[in-house]
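Below you'll find the structure, written out as structure tokens, and then a few comments.
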Amino acid sequence: MPYPIEKLHKSNRDHIALVAALRAGNVEEAVEVSRKHVDILHRTMFVGLAKGGGT
């Protein structure tokens, strides 16, 4: 799926933040980063599939 480069950069920053939180043992931060990241994926990537628009 094509995404604008700024969205991909944001996604990469999310991944970096998640790894940092896990390394620091900050479970709450890791969960929050993951929750927000998956929410964005759900709204941008999977919404078309739920409506029957994905191929």
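As shown in the structure tokens, the chain order sets the letters A, B, ...; within each chain, residues go from 1, and ligands are also counted from 1 in the order they appear.
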
Inset, instruction - Show which residues sit within 12 Å of range 23-35 of chain A, as a ChimeraX atom specification. Count only C-alpha atoms, and ignore same-chain residues fewer than 4 positions away. - result: /A:10-19,39-42

Please save N, CA, C and O atoms of the selected residues as a short mmCIF file (atom, residue, chain, number, x, y, z; two decimals), in the first residue's frame.
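Written out: result36.cif:
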data_model
loop_
_atom_site.label_atom_id
_atom_site.label_comp_id
_atom_site.auth_asym_id
_atom_site.auth_seq_id
_atom_site.Cartn_x
_atom_site.Cartn_y
_atom_site.Cartn_z
N LYS A 10 6.85 8.70 10.41
CA LYS A 10 6.16 8.64 11.70
C LYS A 10 6.09 7.20 12.20
O LYS A 10 6.32 6.92 13.37
N SER A 11 5.80 6.29 11.31
CA SER A 11 5.74 4.88 11.67
C SER A 11 7.09 4.39 12.18
O SER A 11 7.17 3.67 13.18
N ASN A 12 8.16 4.80 11.51
CA ASN A 12 9.51 4.43 11.96
C ASN A 12 9.80 5.00 13.34
O ASN A 12 10.41 4.32 14.18
N ARG A 13 9.37 6.23 13.59
CA ARG A 13 9.58 6.82 14.92
C ARG A 13 8.80 6.06 15.99
O ARG A 13 9.28 5.87 17.11
N ASP A 14 7.61 5.59 15.63
CA ASP A 14 6.83 4.76 16.56
C ASP A 14 7.60 3.49 16.91
O ASP A 14 7.66 3.09 18.08
N HIS A 15 8.17 2.85 15.91
CA HIS A 15 8.93 1.62 16.15
C HIS A 15 10.14 1.89 17.05
O HIS A 15 10.42 1.10 17.96
N ILE A 16 10.82 2.98 16.81
CA ILE A 16 11.97 3.35 17.64
C ILE A 16 11.54 3.61 19.08
O ILE A 16 12.19 3.16 20.03
N ALA A 17 10.42 4.31 19.24
CA ALA A 17 9.90 4.59 20.58
C ALA A 17 9.49 3.31 21.29
O ALA A 17 9.72 3.16 22.50
N LEU A 18 8.92 2.38 20.57
CA LEU A 18 8.52 1.11 21.17
C LEU A 18 9.74 0.33 21.66
O LEU A 18 9.77 -0.17 22.79
N VAL A 19 10.76 0.23 20.82
CA VAL A 19 11.98 -0.47 21.22
C VAL A 19 12.62 0.21 22.43
O VAL A 19 13.05 -0.46 23.38
N ASP A 39 -3.84 1.58 16.26
CA ASP A 39 -5.06 2.34 15.97
C ASP A 39 -4.93 3.07 14.64
O ASP A 39 -5.85 3.06 13.82
N ILE A 40 -3.78 3.68 14.41
CA ILE A 40 -3.55 4.37 13.13
C ILE A 40 -3.59 3.37 11.97
O ILE A 40 -4.21 3.63 10.94
N LEU A 41 -2.94 2.21 12.15
CA LEU A 41 -2.98 1.19 11.10
C LEU A 41 -4.41 0.75 10.82
O LEU A 41 -4.81 0.59 9.66
N HIS A 42 -5.16 0.56 11.87
CA HIS A 42 -6.55 0.12 11.70
C HIS A 42 -7.35 1.14 10.89
O HIS A 42 -8.10 0.79 9.99
#

Inset, instruction - Could you give me the residues within chain A that DSSP places in alpha helix (DSSP H), as a ChimeraX atom specification? - result: /A:5-24,27-41,47-50

Could you write out that same residue set with N, CA, C and O atoms as a short mmCIF file (atom, residue, chain, number, x, y, z; two decimals), in the first residue's frame?
data_model
loop_
_atom_site.label_atom_id
_atom_site.label_comp_id
_atom_site.auth_asym_id
_atom_site.auth_seq_id
_atom_site.Cartn_x
_atom_site.Cartn_y
_atom_site.Cartn_z
N ILE A 5 5.52 9.62 2.40
CA ILE A 5 6.78 9.39 3.12
C ILE A 5 6.72 9.92 4.55
O ILE A 5 7.30 9.30 5.45
N GLU A 6 6.01 11.00 4.81
CA GLU A 6 5.94 11.52 6.19
C GLU A 6 5.22 10.53 7.11
O GLU A 6 5.56 10.41 8.28
N LYS A 7 4.26 9.80 6.58
CA LYS A 7 3.57 8.78 7.40
C LYS A 7 4.51 7.61 7.68
O LYS A 7 4.49 7.03 8.77
N LEU A 8 5.33 7.26 6.71
CA LEU A 8 6.30 6.19 6.93
C LEU A 8 7.36 6.61 7.95
O LEU A 8 7.77 5.80 8.77
N HIS A 9 7.76 7.85 7.90
CA HIS A 9 8.72 8.36 8.90
C HIS A 9 8.12 8.32 10.29
O HIS A 9 8.79 7.94 11.26
N LYS A 10 6.85 8.70 10.41
CA LYS A 10 6.16 8.64 11.70
C LYS A 10 6.09 7.20 12.20
O LYS A 10 6.32 6.92 13.37
N SER A 11 5.80 6.29 11.31
CA SER A 11 5.74 4.88 11.67
C SER A 11 7.09 4.39 12.18
O SER A 11 7.17 3.67 13.18
N ASN A 12 8.16 4.80 11.51
CA ASN A 12 9.51 4.43 11.96
C ASN A 12 9.80 5.00 13.34
O ASN A 12 10.41 4.32 14.18
N ARG A 13 9.37 6.23 13.59
CA ARG A 13 9.58 6.82 14.92
C ARG A 13 8.80 6.06 15.99
O ARG A 13 9.28 5.87 17.11
N ASP A 14 7.61 5.59 15.63
CA ASP A 14 6.83 4.76 16.56
C ASP A 14 7.60 3.49 16.91
O ASP A 14 7.66 3.09 18.08
N HIS A 15 8.17 2.85 15.91
CA HIS A 15 8.93 1.62 16.15
C HIS A 15 10.14 1.89 17.05
O HIS A 15 10.42 1.10 17.96
N ILE A 16 10.82 2.98 16.81
CA ILE A 16 11.97 3.35 17.64
C ILE A 16 11.54 3.61 19.08
O ILE A 16 12.19 3.16 20.03
N ALA A 17 10.42 4.31 19.24
CA ALA A 17 9.90 4.59 20.58
C ALA A 17 9.49 3.31 21.29
O ALA A 17 9.72 3.16 22.50
N LEU A 18 8.92 2.38 20.57
CA LEU A 18 8.52 1.11 21.17
C LEU A 18 9.74 0.33 21.66
O LEU A 18 9.77 -0.17 22.79
N VAL A 19 10.76 0.23 20.82
CA VAL A 19 11.98 -0.47 21.22
C VAL A 19 12.62 0.21 22.43
O VAL A 19 13.05 -0.46 23.38
N ALA A 20 12.65 1.53 22.43
CA ALA A 20 13.24 2.26 23.56
C ALA A 20 12.48 1.98 24.85
O ALA A 20 13.08 1.76 25.91
N ALA A 21 11.15 1.98 24.76
CA ALA A 21 10.33 1.72 25.95
C ALA A 21 10.57 0.29 26.45
O ALA A 21 10.68 0.07 27.67
N LEU A 22 10.64 -0.65 25.54
CA LEU A 22 10.89 -2.04 25.94
C LEU A 22 12.26 -2.20 26.58
O LEU A 22 12.40 -2.88 27.60
N ARG A 23 13.26 -1.59 25.99
CA ARG A 23 14.62 -1.67 26.56
C ARG A 23 14.68 -1.05 27.95
O ARG A 23 15.42 -1.53 28.81
N ALA A 24 13.91 0.01 28.15
CA ALA A 24 13.90 0.69 29.45
C ALA A 24 13.01 -0.04 30.46
O ALA A 24 12.98 0.34 31.63
N VAL A 27 6.79 -0.67 30.61
CA VAL A 27 5.68 -1.41 30.00
C VAL A 27 4.53 -0.49 29.61
O VAL A 27 3.96 -0.62 28.52
N GLU A 28 4.21 0.45 30.47
CA GLU A 28 3.09 1.35 30.18
C GLU A 28 3.33 2.15 28.90
O GLU A 28 2.43 2.29 28.07
N GLU A 29 4.54 2.65 28.74
CA GLU A 29 4.87 3.42 27.53
C GLU A 29 4.85 2.52 26.30
O GLU A 29 4.35 2.92 25.24
N ALA A 30 5.37 1.32 26.42
CA ALA A 30 5.36 0.38 25.29
C ALA A 30 3.93 0.07 24.86
O ALA A 30 3.63 0.04 23.66
N VAL A 31 3.06 -0.14 25.82
CA VAL A 31 1.65 -0.42 25.50
C VAL A 31 1.01 0.78 24.82
O VAL A 31 0.30 0.63 23.82
N GLU A 32 1.27 1.96 25.33
CA GLU A 32 0.65 3.16 24.75
C GLU A 32 1.15 3.42 23.33
O GLU A 32 0.36 3.73 22.43
N VAL A 33 2.45 3.28 23.10
CA VAL A 33 3.00 3.45 21.75
C VAL A 33 2.37 2.43 20.80
O VAL A 33 1.94 2.76 19.70
N SER A 34 2.30 1.19 21.25
CA SER A 34 1.73 0.13 20.42
C SER A 34 0.26 0.38 20.13
O SER A 34 -0.21 0.21 18.99
N ARG A 35 -0.50 0.78 21.15
CA ARG A 35 -1.93 1.02 20.99
C ARG A 35 -2.17 2.11 19.95
O ARG A 35 -3.00 1.95 19.04
N LYS A 36 -1.44 3.21 20.06
CA LYS A 36 -1.62 4.31 19.11
C LYS A 36 -1.23 3.89 17.70
O LYS A 36 -1.91 4.23 16.72
N HIS A 37 -0.13 3.15 17.59
CA HIS A 37 0.36 2.72 16.29
C HIS A 37 -0.66 1.80 15.61
O HIS A 37 -0.99 1.98 14.43
N VAL A 38 -1.18 0.83 16.34
CA VAL A 38 -2.15 -0.10 15.78
C VAL A 38 -3.46 0.61 15.45
O VAL A 38 -4.10 0.31 14.43
N ASP A 39 -3.84 1.58 16.26
CA ASP A 39 -5.06 2.34 15.97
C ASP A 39 -4.93 3.07 14.64
O ASP A 39 -5.85 3.06 13.82
N ILE A 40 -3.78 3.68 14.41
CA ILE A 40 -3.55 4.37 13.13
C ILE A 40 -3.59 3.37 11.97
O ILE A 40 -4.21 3.63 10.94
N LEU A 41 -2.94 2.21 12.15
CA LEU A 41 -2.98 1.19 11.10
C LEU A 41 -4.41 0.75 10.82
O LEU A 41 -4.81 0.59 9.66
N VAL A 47 -9.29 -0.16 7.07
CA VAL A 47 -10.65 0.35 6.94
C VAL A 47 -11.27 -0.04 5.60
O VAL A 47 -12.44 -0.38 5.54
N GLY A 48 -10.51 -0.06 4.54
CA GLY A 48 -11.02 -0.44 3.24
C GLY A 48 -11.41 -1.91 3.19
O GLY A 48 -12.37 -2.29 2.53
N LEU A 49 -10.67 -2.74 3.90
CA LEU A 49 -10.98 -4.16 3.93
C LEU A 49 -12.31 -4.41 4.64
O LEU A 49 -13.09 -5.26 4.22
N ALA A 50 -12.55 -3.68 5.72
CA ALA A 50 -13.79 -3.86 6.48
C ALA A 50 -15.00 -3.46 5.66
O ALA A 50 -16.09 -3.98 5.85
#
